[in-house]
Amino acid sequence: MPVAERIVPQRTAVFLRPVESPGDARRPELSCAKCNLRETCLSGGVPAEDLERVEDIVFARRRIKRGVRLFDAGDTFRGVYAIRSGFFKTSLADSDGRDQVTGFFMGGELLGMDGLGSGRYKDRAIALEDSDICVMPYPLIEKIALEVPSLQRRLHTLLASEIERGHGIMLMLGSMRAEERLAAFLLNLSRRLLHRGYSGSNLMLRMTRDEIGSYLGLKTETVSRLFSAFQKSGLLEVQQKQISIIDIRGLERRLRPAD
């Protein structure tokens, strides 16, 4: 199976303007209340009567082109980004200077939560396709969360989810065999898409085989071999980046220990 061309990020990055000078920012045309991804975003779980106040945290809406960095590892933490549409990867340079993928994020998910503790982003975020984001400066989130308890609870829930995601990655890399890692990866994508109202069986992968391998701790050749093996077993139908899950139960069984 051919390996898709690796995305080379541009050297430009898209940063927040200072929160103190918001006058020239482009306000979002779509409100949180009317957004079909609201339940998975920061405003999810916020009662309707509080939504108008919570919408003030969206400072601007921006379009990020494929291959452009949203922020870099070590940049000063200024805010959180909600993905309206599109797909991003996060990565970090390892001790040898190689790019290690640490996550993939889709519409309705947040980027930049890892910067809350240290005041600096720990990863680099790059758009894997043309994407739309909502910019939410953290001082605004913090201020409104004090006034709207439901937003504060939601923020705590999302922080806990980020910790859980990190633990899941460590578990996957530390104890799963290669085929279990790929099965878990595909099932995770499927569930996230289903949660957003999309098909969980037809996946258009925005990342390359190389990026999947980096994330799963596998060689690119191993990832390609496993896709071929899953297809031969009748679990998947693979056409380059288009993946159709034919037997989701069979894919789930790959995660169970052998008797």
# chains A, B, ... in the order shown; residues from 1 in each chain; ligands from 1

$ residues_around --residues "Val101 in chain A" --least-positions-apart "5" --cutoff "8 Å" --atoms "only C-alpha atoms" --output "PyMOL selection string"
chain A and resi 89-92+211-212+214-215

$ residues_around --residues "Asp94 in chain A" --least-positions-apart "4" --cutoff "12 Å" --atoms "only C-alpha atoms" --output "list in words"
Ala73, Arg98, Asp99, Gln100, Val101, Thr102, Asp123 and Ser214 of chain A

$ write_last_selection --atoms "N, CA and C atoms" --output "PDB file, in the first residue's frame"
ATOM      1  N   ALA A  73       5.388  24.064  20.419  1.00  0.00           N
ATOM      2  CA  ALA A  73       5.793  23.651  21.758  1.00  0.00           C
ATOM      3  C   ALA A  73       6.674  24.736  22.378  1.00  0.00           C
ATOM      4  N   ARG A  98      13.382  14.033  16.142  1.00  0.00           N
ATOM      5  CA  ARG A  98      12.339  13.496  15.267  1.00  0.00           C
ATOM      6  C   ARG A  98      10.965  13.887  15.782  1.00  0.00           C
ATOM      7  N   ASP A  99      10.025  14.050  14.847  1.00  0.00           N
ATOM      8  CA  ASP A  99       8.671  14.466  15.184  1.00  0.00           C
ATOM      9  C   ASP A  99       7.888  13.285  15.727  1.00  0.00           C
ATOM     10  N   GLN A 100       7.449  13.368  16.998  1.00  0.00           N
ATOM     11  CA  GLN A 100       6.655  12.327  17.631  1.00  0.00           C
ATOM     12  C   GLN A 100       5.214  12.812  17.748  1.00  0.00           C
ATOM     13  N   VAL A 101       4.296  12.155  17.044  1.00  0.00           N
ATOM     14  CA  VAL A 101       2.892  12.554  17.083  1.00  0.00           C
ATOM     15  C   VAL A 101       2.293  12.169  18.429  1.00  0.00           C
ATOM     16  N   THR A 102       1.597  13.126  19.061  1.00  0.00           N
ATOM     17  CA  THR A 102       1.025  12.887  20.388  1.00  0.00           C
ATOM     18  C   THR A 102      -0.503  12.855  20.386  1.00  0.00           C
ATOM     19  N   ASP A 123       2.943  20.875  23.241  1.00  0.00           N
ATOM     20  CA  ASP A 123       3.031  20.267  21.920  1.00  0.00           C
ATOM     21  C   ASP A 123       2.944  21.324  20.829  1.00  0.00           C
ATOM     22  N   SER A 214       3.873   6.920  14.019  1.00  0.00           N
ATOM     23  CA  SER A 214       4.515   7.734  15.050  1.00  0.00           C
ATOM     24  C   SER A 214       3.643   7.791  16.298  1.00  0.00           C
TER      25      SER A 214
END

$ select_by_dssp --residues "range 10-217 of chain A" --states "helix (DSSP H, G or I)" --output "VMD selection string"
chain A and resid 32 to 34 38 to 40 48 to 57 113 to 115 138 to 147 149 to 175 178 to 195 209 to 216

$ atom_distance --atom1 "CA of Asp130 in chain A" --atom2 "CA of Gly86 in chain A"
6.1 Å

$ atom_distance --atom1 "CA of Phe59 in chain A" --atom2 "CA of Leu146 in chain A"
17.9 Å

$ closest_atom_pairs --of "range 23-132 of chain A" --to "range 183-191 of chain A" --cutoff "12 Å" --atoms "only C-alpha atoms" --output "Markdown table"
| residue | atom | partner | partner_atom | distance |
| --- | --- | --- | --- | --- |
| A:Phe87 | CA | A:Leu189 | CA | 11.9 |
| A:Gly103 | CA | A:Phe185 | CA | 10.7 |
| A:Phe104 | CA | A:Leu189 | CA | 9.3 |
| A:Phe105 | CA | A:Leu189 | CA | 9.7 |
| A:Met106 | CA | A:Leu189 | CA | 9.3 |
| A:Gly107 | CA | A:Leu189 | CA | 11.9 |

$ atom_distance --atom1 "CA of Lys241 in chain A" --atom2 "CA of Gly200 in chain A"
15.0 Å

$ residues_around --residues "range 161-170 of chain A" --least-positions-apart "4" --cutoff "8 Å" --atoms "only C-alpha atoms" --output "PyMOL selection string"
chain A and resi 113-114+157+174

$ closest_residue --among "A:Asp247, A:Thr220, A:Gly44, A:Lys143" --to "Lys232 in chain A" --atoms "only C-alpha atoms"
A:Asp247

$ closest_residue --among "A:Leu140, A:Leu251, A:Val58, A:Ala178" --to "Glu221 in chain A" --atoms "only C-alpha atoms"
A:Ala178

$ closest_residue --among "A:Arg177, A:Arg153, A:Arg62, A:Arg69" --to "Cys134 in chain A" --atoms "only C-alpha atoms"
A:Arg62

$ residues_around --residues "Asp56 in chain A" --least-positions-apart "2" --cutoff "10 Å" --atoms "only C-alpha atoms" --output "ChimeraX atom specification"
/A:27,31-32,51-54,58-60,136,140-141,144

$ residues_around --residues "Leu216 in chain A" --least-positions-apart "2" --cutoff "8 Å" --atoms "only C-alpha atoms" --output "list in words"
Met172, Leu173, Arg181, Leu182, Ile212, Gly213, Ser214 and Leu218 of chain A

$ select_by_dssp --residues "range 116-224 of chain A" --states "strand (DSSP E)" --output "list of chain:residue names"
A:Arg124, A:Ala125, A:Ile126, A:Ala127, A:Ser131, A:Asp132, A:Ile133, A:Cys134, A:Val135, A:Met136, A:Pro137, A:Asn202, A:Leu203, A:Met204
